[in-house]
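Novice: To be precise about what I am sending: the file is called start.txt and holds compact mmCIF, C-alpha atoms and all ligand atoms.
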# COMPACT_ATOMS: atom_id res chain seq x y z
CA MET A 11 127.50 128.96 132.72
CA SER A 12 130.88 127.23 132.99
CA LEU A 13 133.36 128.73 135.42
CA ILE A 14 136.48 129.31 133.32
CA LEU A 15 139.71 129.15 135.30
CA ALA A 16 143.03 129.68 133.54
CA HIS A 17 145.40 126.91 134.56
CA ARG A 18 148.51 128.49 136.18
CA GLY A 19 147.19 131.64 134.51
CA ALA A 20 146.98 131.82 130.71
CA SER A 21 149.93 129.45 130.67
CA GLY A 22 149.53 128.59 127.00
CA TYR A 23 150.64 132.14 126.20
CA ALA A 24 152.66 133.49 129.16
CA PRO A 25 154.97 131.90 131.76
CA GLU A 26 152.91 129.75 134.15
CA ASN A 27 152.14 131.02 137.64
CA THR A 28 153.36 134.58 137.00
CA LEU A 29 151.53 137.90 137.31
CA GLU A 30 151.90 138.20 133.54
CA ALA A 31 149.94 134.97 133.01
CA PHE A 32 147.27 135.95 135.55
CA ARG A 33 146.77 139.40 134.00
CA LEU A 34 146.48 137.88 130.55
CA ALA A 35 143.89 135.35 131.78
CA MET A 36 141.72 138.19 133.06
CA ASP A 37 142.22 140.15 129.83
CA MET A 38 141.06 137.09 127.90
CA GLY A 39 137.80 137.01 129.82
CA ALA A 40 138.42 134.12 132.21
CA ASP A 41 136.39 134.10 135.42
CA GLY A 42 139.63 133.60 137.30
CA PHE A 43 142.59 131.29 137.47
CA GLU A 44 144.17 128.31 139.17
CA LEU A 45 147.60 128.58 140.81
CA ASP A 46 149.92 126.42 142.91
CA VAL A 47 151.33 127.41 146.31
CA HIS A 48 154.42 126.36 148.25
CA LEU A 49 156.31 127.79 151.23
CA SER A 50 159.71 129.47 150.97
CA LEU A 51 162.50 128.79 153.50
CA ASP A 52 161.40 131.86 155.46
CA GLY A 53 157.75 130.75 155.46
CA GLU A 54 156.30 132.95 152.70
CA LEU A 55 153.45 131.68 150.49
CA VAL A 56 154.87 131.59 146.96
CA VAL A 57 153.25 130.74 143.64
CA ILE A 58 155.06 128.13 141.56
CA HIS A 59 154.11 124.66 140.35
CA ASP A 60 156.99 122.29 141.03
CA GLU A 61 158.56 121.43 144.36
CA ARG A 62 161.85 122.54 142.72
CA VAL A 63 162.60 125.76 140.85
CA ASP A 64 164.60 124.02 138.09
CA ARG A 65 162.02 123.60 135.31
CA THR A 66 160.47 127.08 135.31
CA THR A 67 163.33 129.34 136.47
CA ASN A 68 167.07 129.77 136.01
CA GLY A 69 167.74 128.42 139.52
CA THR A 70 168.33 124.95 140.96
CA GLY A 71 166.95 123.42 144.14
CA SER A 72 163.80 122.97 146.22
CA VAL A 73 161.47 125.97 146.62
CA GLY A 74 161.67 125.45 150.38
CA SER A 75 165.45 125.85 150.38
CA PHE A 76 165.26 129.48 149.11
CA THR A 77 164.28 132.58 151.04
CA LEU A 78 161.69 134.83 149.40
CA GLN A 79 164.44 137.29 148.52
CA GLU A 80 166.42 134.53 146.79
CA LEU A 81 163.34 133.30 144.93
CA LYS A 82 162.62 136.85 143.76
CA ALA A 83 166.08 137.03 142.17
CA LEU A 84 165.22 134.15 139.83
CA ASN A 85 163.97 134.60 136.29
CA ALA A 86 160.62 132.82 136.07
CA SER A 87 160.09 133.29 132.32
CA ASN A 88 160.25 129.51 131.81
CA GLY A 89 162.15 130.08 128.57
CA MET A 90 159.32 132.11 126.99
CA GLU A 91 160.48 135.02 124.87
CA GLY A 92 159.50 138.53 125.87
CA PHE A 93 159.01 137.70 129.55
CA SER A 94 162.51 138.12 130.99
CA GLY A 95 161.10 140.29 133.81
CA ALA A 96 158.78 137.54 135.06
CA ARG A 97 159.28 136.65 138.72
CA ILE A 98 157.84 134.12 141.17
CA PRO A 99 154.94 135.98 142.80
CA THR A 100 153.91 135.77 146.42
CA LEU A 101 150.29 134.77 146.94
CA GLY A 102 149.72 138.18 148.51
CA GLU A 103 150.82 139.89 145.29
CA VAL A 104 148.34 137.79 143.32
CA TYR A 105 145.52 138.65 145.72
CA ASP A 106 146.41 142.34 145.28
CA LEU A 107 146.11 141.89 141.53
CA ILE A 108 142.44 140.83 141.78
CA GLN A 109 141.57 143.15 144.67
CA ASN A 110 139.36 145.47 142.62
CA THR A 111 137.87 142.83 140.34
CA SER A 112 135.40 139.99 140.83
CA HIS A 113 137.74 137.20 139.73
CA VAL A 114 137.96 133.87 141.49
CA ILE A 115 141.15 132.01 142.39
CA ASN A 116 141.55 128.25 142.73
CA VAL A 117 144.40 127.93 145.22
CA GLU A 118 146.02 124.51 144.82
CA ILE A 119 147.95 123.67 147.98
CA LYS A 120 151.03 121.75 146.84
CA THR A 121 151.56 119.50 149.83
CA ASP A 122 152.17 116.49 147.61
CA GLU A 123 155.94 116.18 148.22
CA ALA A 124 156.95 118.70 150.89
CA LEU A 125 154.29 118.84 153.63
CA TYR A 126 154.91 122.49 154.58
CA PRO A 127 153.64 122.38 158.18
CA GLY A 128 151.62 125.51 158.94
CA ILE A 129 150.76 126.27 155.31
CA VAL A 130 146.99 126.06 155.90
CA GLU A 131 147.10 128.53 158.80
CA LYS A 132 149.12 130.94 156.67
CA LEU A 133 146.66 130.63 153.79
CA LEU A 134 143.69 131.39 156.02
CA LYS A 135 145.47 134.34 157.61
CA LEU A 136 146.30 135.83 154.21
CA GLU A 137 142.74 135.23 152.97
CA GLU A 138 141.46 137.28 155.86
CA GLN A 139 144.09 140.01 155.59
CA LYS A 140 143.40 140.50 151.87
CA HIS A 141 139.60 140.15 152.14
CA MET A 142 139.51 137.18 149.79
CA THR A 143 136.74 135.24 151.52
CA GLY A 144 134.12 134.21 148.95
CA ARG A 145 136.59 134.48 146.09
CA LEU A 146 138.70 131.37 146.68
CA ILE A 147 138.33 127.67 146.00
CA TYR A 148 141.03 125.61 147.68
CA SER A 149 142.16 122.26 146.27
CA SER A 150 144.90 119.70 146.82
CA PHE A 151 145.93 116.22 145.81
CA ASN A 152 146.70 115.76 149.50
CA HIS A 153 143.27 115.32 151.04
CA TYR A 154 144.70 115.37 154.57
CA THR A 155 145.58 119.00 153.88
CA LEU A 156 141.96 119.63 152.87
CA MET A 157 140.72 118.08 156.12
CA GLU A 158 143.08 120.37 158.01
CA LEU A 159 141.56 123.29 156.12
CA LYS A 160 138.04 122.13 156.97
CA ALA A 161 138.90 121.76 160.66
CA LEU A 162 140.29 125.31 160.81
CA SER A 163 137.76 126.94 158.49
CA PRO A 164 134.61 124.82 158.06
CA LYS A 165 133.06 127.21 155.52
CA SER A 166 136.01 127.42 153.10
CA PRO A 167 134.99 125.83 149.80
CA PHE A 168 137.37 123.16 148.54
CA GLY A 169 137.68 120.59 145.77
CA ILE A 170 139.34 117.20 145.87
CA LEU A 171 142.00 116.84 143.20
CA TYR A 172 142.58 113.42 141.70
CA SER A 173 143.86 111.89 138.49
CA ASP A 174 142.47 108.40 138.09
CA GLY A 175 139.26 106.40 138.08
CA LEU A 176 138.08 107.11 141.61
CA TYR A 177 134.74 105.24 141.90
CA GLU A 178 131.68 107.45 142.47
CA PRO A 179 133.84 110.36 143.55
CA TRP A 180 130.82 112.52 144.48
CA LYS A 181 130.13 110.18 147.41
CA TYR A 182 133.68 110.47 148.66
CA ALA A 183 133.62 114.25 148.09
CA ALA A 184 130.38 114.57 150.06
CA SER A 185 131.82 112.45 152.88
CA LEU A 186 134.70 114.96 153.20
CA GLY A 187 132.45 118.00 152.93
CA ALA A 188 133.99 119.01 149.60
CA LYS A 189 132.00 121.37 147.41
CA PHE A 190 133.76 120.25 144.22
CA ILE A 191 135.58 117.42 142.56
CA HIS A 192 138.62 118.41 140.49
CA PRO A 193 139.10 115.36 138.27
CA HIS A 194 141.54 114.83 135.43
CA TYR A 195 139.53 115.65 132.29
CA ARG A 196 139.99 112.14 130.85
CA THR A 197 137.83 110.72 133.66
CA LEU A 198 134.87 113.01 132.88
CA LEU A 199 133.11 110.46 130.71
CA LEU A 200 133.32 107.58 133.20
CA PRO A 201 129.80 106.20 133.75
CA GLY A 202 127.58 108.51 135.73
CA LEU A 203 130.35 110.85 136.78
CA ILE A 204 128.87 114.13 135.58
CA GLU A 205 125.25 113.26 136.35
CA GLY A 206 126.04 111.66 139.73
CA SER A 207 128.09 114.63 140.90
CA LEU A 208 125.61 117.25 139.77
CA GLN A 209 122.68 115.38 141.29
CA ALA A 210 124.57 115.17 144.57
CA GLY A 211 125.18 118.94 144.45
CA ILE A 212 128.92 118.52 143.97
CA GLY A 213 130.44 120.92 141.40
CA ILE A 214 132.98 119.71 138.84
CA ASN A 215 136.13 121.60 137.81
CA PRO A 216 138.10 119.30 135.47
CA TRP A 217 141.72 119.95 134.47
CA THR A 218 143.45 120.52 132.13
CA VAL A 219 140.80 121.01 129.45
CA ASN A 220 142.65 122.22 126.38
CA ASP A 221 140.71 120.59 123.53
CA GLU A 222 137.58 122.13 122.07
CA GLN A 223 135.53 118.92 122.28
CA THR A 224 135.96 118.65 126.06
CA MET A 225 135.36 122.40 126.44
CA ALA A 226 132.06 121.96 124.61
CA LEU A 227 131.13 119.03 126.87
CA CYS A 228 131.83 121.16 129.95
CA ALA A 229 129.79 124.00 128.50
CA LYS A 230 126.87 121.65 127.81
CA TYR A 231 126.70 120.64 131.47
CA ASN A 232 127.70 124.08 132.82
CA ILE A 233 130.66 122.58 134.67
CA GLY A 234 134.01 124.29 135.26
CA ILE A 235 136.89 124.44 132.78
CA ILE A 236 140.49 124.66 134.02
CA THR A 237 142.52 125.40 130.90
CA ASN A 238 145.82 126.74 129.60
CA TYR A 239 143.85 128.51 126.82
CA PRO A 240 141.17 130.65 128.48
CA ASP A 241 140.50 132.59 125.25
CA LYS A 242 139.44 129.37 123.54
CA ALA A 243 137.25 128.34 126.49
CA VAL A 244 135.57 131.76 126.58
CA ARG A 245 134.83 131.49 122.86
CA ILE A 246 133.29 128.04 123.23
CA ALA A 247 131.59 128.22 126.62
CA LYS A 248 130.42 131.81 126.72
CA ALA A 249 129.14 131.98 123.13
O1 LIG B 1 144.52 122.11 139.91
C1 LIG B 1 144.47 121.49 138.67
C2 LIG B 1 145.82 121.06 138.19
O2 LIG B 1 146.69 122.15 138.29
C3 LIG B 1 146.37 119.90 138.96
O3 LIG B 1 147.58 119.43 138.47
O4 LIG B 1 150.02 119.28 138.38
O5 LIG B 1 148.86 121.00 137.03
O6 LIG B 1 149.03 121.23 139.51
P1 LIG B 1 148.92 120.29 138.35
MG MG B 2 147.84 123.01 139.81
Show the structure stored in the file as structure tokens.
Specialist:
Amino acid sequence: MSLILAHRGASGYAPENTLEAFRLAMDMGADGFELDVHLSLDGELVVIHDERVDRTTNGTGSVGSFTLQELKALNASNGMEGFSGARIPTLGEVYDLIQNTSHVINVEIKTDEALYPGIVEKLLKLEEQKHMTGRLIYSSFNHYTLMELKALSPKSPFGILYSDGLYEPWKYAASLGAKFIHPHYRTLLLPGLIEGSLQAGIGINPWTVNDEQTMALCAKYNIGIITNYPDKAVRIAKA
């Protein structure tokens, strides 16, 4: 059965990367959700997509230039009506939200622009504090970050994020010790990609699968679905 992960929460219906979007994803029957983490100026793990707050909040500037208290004062409704109370959550708050459930979280470590030294140690510490081991899949476009994670926590499952036509990505993934590839959905039909990965024992969690045809393809092969529309994916893949 496909693992259905709501991309930034049910972001097709509620402001991305907010508790509102994560709650809705669970209500819609997703197995869990994907989210993006950065570090605040005072070193707190915060959940937001961009390196800057400008697009999704009423503030201006880099996430890392705000303290947690300053970030919490921002409206994170991303212009969506009916969500004026939405705030940037800490990762700890999100872990609390799933504490008494069996949902899974794909934690994307956003070390693509800012490198956030120490972010991996903080993630592992929080995982332990909140008893999240076994419920997380880490991923990043920055594969050096993933190797740091592996060095500190060899058993933590992780997926390599990438966007383009990486050749035989399952071989590269296996060489890094990755459990998953997280490819852009448009690369799914490249020759041998699905079969090669599955035969090599590497799981596939493509993003961002929003069209029904690709959802059906994922369901056929029982591979993951990272989507803004978890209700649609549940309808197609869990029918
Ligand atoms: O983790 C999947 C996907 O979220 C990667 O791209 O830019 O939406 O974080 P982005
Ligand atoms: Mg992401």
Novice: May I have the residues within 9 Å of segment 110-124 of chain A as a PyMOL selection string, using only C-alpha atoms and disregarding those fewer than 2 positions away in the same chain?
Specialist: chain A and resi 15+36+40-48+59-61+74+105-108+126-127+129-130+144-152+155-156+168+171
Novice: Distance atom CA of Tyr172 of chain A-atom O5 of ligand LIG 1 (chain B), one decimal place?
Specialist: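 A separation of 10.9 Å between them.
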Novice: Would you please work out which residue, of A:Thr197, A:Asn232, A:Ser94, A:Ser21, is nearest to ligand MG 2 (chain B) when using only C-alpha atoms and all ligand atoms?
Specialist: A:Ser21
Novice: Suppose you want the space between atom CA of Met38 of chain A and atom O6 of ligand LIG 1 (chain B); what is it in Å?
Specialist: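 Going from atom CA of Met38 of chain A over to atom O6 of ligand LIG 1 (chain B), I get 21.2 Å.
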Novice: Let me make sure I understand: among A:Ser163, A:Thr143, A:Asn238, A:Thr66, which one has the smallest atom-to-atom distance to Asp221 of chain A if we use all atoms listed in the file?
Specialist: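 Closest candidate: A:Asn238.
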Novice: Would you fill out segment 85-115 of chain A with N, CA and C atoms and return it as a PDB file, keeping the file's coordinate frame?
Specialist:
ATOM      1  N   ASN A  85     164.752 134.287 137.476  1.00  0.00           N
ATOM      2  CA  ASN A  85     163.970 134.600 136.290  1.00  0.00           C
ATOM      3  C   ASN A  85     162.940 133.484 136.088  1.00  0.00           C
ATOM      4  N   ALA A  86     161.672 133.844 136.151  1.00  0.00           N
ATOM      5  CA  ALA A  86     160.620 132.820 136.070  1.00  0.00           C
ATOM      6  C   ALA A  86     159.942 132.801 134.696  1.00  0.00           C
ATOM      7  N   SER A  87     160.700 133.209 133.659  1.00  0.00           N
ATOM      8  CA  SER A  87     160.090 133.290 132.320  1.00  0.00           C
ATOM      9  C   SER A  87     159.892 131.916 131.689  1.00  0.00           C
ATOM     10  N   ASN A  88     160.453 130.889 132.300  1.00  0.00           N
ATOM     11  CA  ASN A  88     160.250 129.510 131.810  1.00  0.00           C
ATOM     12  C   ASN A  88     160.628 129.395 130.334  1.00  0.00           C
ATOM     13  N   GLY A  89     161.647 130.164 129.946  1.00  0.00           N
ATOM     14  CA  GLY A  89     162.150 130.080 128.570  1.00  0.00           C
ATOM     15  C   GLY A  89     161.258 130.750 127.543  1.00  0.00           C
ATOM     16  N   MET A  90     160.217 131.474 127.971  1.00  0.00           N
ATOM     17  CA  MET A  90     159.320 132.110 126.990  1.00  0.00           C
ATOM     18  C   MET A  90     159.856 133.491 126.627  1.00  0.00           C
ATOM     19  N   GLU A  91     159.941 133.742 125.338  1.00  0.00           N
ATOM     20  CA  GLU A  91     160.480 135.020 124.870  1.00  0.00           C
ATOM     21  C   GLU A  91     159.598 136.197 125.229  1.00  0.00           C
ATOM     22  N   GLY A  92     160.252 137.311 125.571  1.00  0.00           N
ATOM     23  CA  GLY A  92     159.500 138.530 125.870  1.00  0.00           C
ATOM     24  C   GLY A  92     159.051 138.633 127.313  1.00  0.00           C
ATOM     25  N   PHE A  93     159.466 137.682 128.152  1.00  0.00           N
ATOM     26  CA  PHE A  93     159.010 137.700 129.550  1.00  0.00           C
ATOM     27  C   PHE A  93     160.180 137.660 130.526  1.00  0.00           C
ATOM     28  N   SER A  94     161.304 138.264 130.150  1.00  0.00           N
ATOM     29  CA  SER A  94     162.510 138.120 130.990  1.00  0.00           C
ATOM     30  C   SER A  94     162.329 138.767 132.371  1.00  0.00           C
ATOM     31  N   GLY A  95     161.339 139.652 132.505  1.00  0.00           N
ATOM     32  CA  GLY A  95     161.100 140.290 133.810  1.00  0.00           C
ATOM     33  C   GLY A  95     160.210 139.468 134.722  1.00  0.00           C
ATOM     34  N   ALA A  96     159.737 138.321 134.254  1.00  0.00           N
ATOM     35  CA  ALA A  96     158.780 137.540 135.060  1.00  0.00           C
ATOM     36  C   ALA A  96     159.448 136.982 136.309  1.00  0.00           C
ATOM     37  N   ARG A  97     158.763 137.104 137.421  1.00  0.00           N
ATOM     38  CA  ARG A  97     159.280 136.650 138.720  1.00  0.00           C
ATOM     39  C   ARG A  97     158.284 135.717 139.380  1.00  0.00           C
ATOM     40  N   ILE A  98     158.750 134.956 140.371  1.00  0.00           N
ATOM     41  CA  ILE A  98     157.840 134.120 141.170  1.00  0.00           C
ATOM     42  C   ILE A  98     157.031 135.067 142.056  1.00  0.00           C
ATOM     43  N   PRO A  99     155.716 135.072 141.940  1.00  0.00           N
ATOM     44  CA  PRO A  99     154.940 135.980 142.800  1.00  0.00           C
ATOM     45  C   PRO A  99     154.665 135.385 144.180  1.00  0.00           C
ATOM     46  N   THR A 100     154.464 136.259 145.147  1.00  0.00           N
ATOM     47  CA  THR A 100     153.910 135.770 146.420  1.00  0.00           C
ATOM     48  C   THR A 100     152.403 135.675 146.213  1.00  0.00           C
ATOM     49  N   LEU A 101     151.748 134.890 147.058  1.00  0.00           N
ATOM     50  CA  LEU A 101     150.290 134.770 146.940  1.00  0.00           C
ATOM     51  C   LEU A 101     149.642 136.116 147.257  1.00  0.00           C
ATOM     52  N   GLY A 102     150.239 136.858 148.166  1.00  0.00           N
ATOM     53  CA  GLY A 102     149.720 138.180 148.510  1.00  0.00           C
ATOM     54  C   GLY A 102     149.714 139.111 147.299  1.00  0.00           C
ATOM     55  N   GLU A 103     150.758 139.052 146.501  1.00  0.00           N
ATOM     56  CA  GLU A 103     150.820 139.890 145.290  1.00  0.00           C
ATOM     57  C   GLU A 103     149.703 139.515 144.319  1.00  0.00           C
ATOM     58  N   VAL A 104     149.409 138.225 144.226  1.00  0.00           N
ATOM     59  CA  VAL A 104     148.340 137.790 143.320  1.00  0.00           C
ATOM     60  C   VAL A 104     146.988 138.263 143.853  1.00  0.00           C
ATOM     61  N   TYR A 105     146.785 138.168 145.157  1.00  0.00           N
ATOM     62  CA  TYR A 105     145.520 138.650 145.720  1.00  0.00           C
ATOM     63  C   TYR A 105     145.381 140.159 145.474  1.00  0.00           C
ATOM     64  N   ASP A 106     146.472 140.891 145.564  1.00  0.00           N
ATOM     65  CA  ASP A 106     146.410 142.340 145.280  1.00  0.00           C
ATOM     66  C   ASP A 106     145.959 142.596 143.848  1.00  0.00           C
ATOM     67  N   LEU A 107     146.417 141.727 142.953  1.00  0.00           N
ATOM     68  CA  LEU A 107     146.110 141.890 141.530  1.00  0.00           C
ATOM     69  C   LEU A 107     144.597 141.808 141.263  1.00  0.00           C
ATOM     70  N   ILE A 108     143.894 140.979 142.040  1.00  0.00           N
ATOM     71  CA  ILE A 108     142.440 140.830 141.780  1.00  0.00           C
ATOM     72  C   ILE A 108     141.585 141.637 142.761  1.00  0.00           C
ATOM     73  N   GLN A 109     142.267 142.420 143.606  1.00  0.00           N
ATOM     74  CA  GLN A 109     141.570 143.150 144.670  1.00  0.00           C
ATOM     75  C   GLN A 109     140.343 143.911 144.181  1.00  0.00           C
ATOM     76  N   ASN A 110     140.477 144.638 143.088  1.00  0.00           N
ATOM     77  CA  ASN A 110     139.360 145.470 142.620  1.00  0.00           C
ATOM     78  C   ASN A 110     138.599 144.845 141.454  1.00  0.00           C
ATOM     79  N   THR A 111     138.593 143.530 141.407  1.00  0.00           N
ATOM     80  CA  THR A 111     137.870 142.830 140.340  1.00  0.00           C
ATOM     81  C   THR A 111     136.911 141.854 141.021  1.00  0.00           C
ATOM     82  N   SER A 112     136.252 141.016 140.218  1.00  0.00           N
ATOM     83  CA  SER A 112     135.400 139.990 140.830  1.00  0.00           C
ATOM     84  C   SER A 112     135.908 138.596 140.479  1.00  0.00           C
ATOM     85  N   HIS A 113     137.196 138.504 140.139  1.00  0.00           N
ATOM     86  CA  HIS A 113     137.740 137.200 139.730  1.00  0.00           C
ATOM     87  C   HIS A 113     137.871 136.235 140.907  1.00  0.00           C
ATOM     88  N   VAL A 114     137.894 134.968 140.527  1.00  0.00           N
ATOM     89  CA  VAL A 114     137.960 133.870 141.490  1.00  0.00           C
ATOM     90  C   VAL A 114     139.340 133.200 141.350  1.00  0.00           C
ATOM     91  N   ILE A 115     139.881 132.740 142.474  1.00  0.00           N
ATOM     92  CA  ILE A 115     141.150 132.010 142.390  1.00  0.00           C
ATOM     93  C   ILE A 115     140.992 130.615 142.980  1.00  0.00           C
TER      94      ILE A 115
END
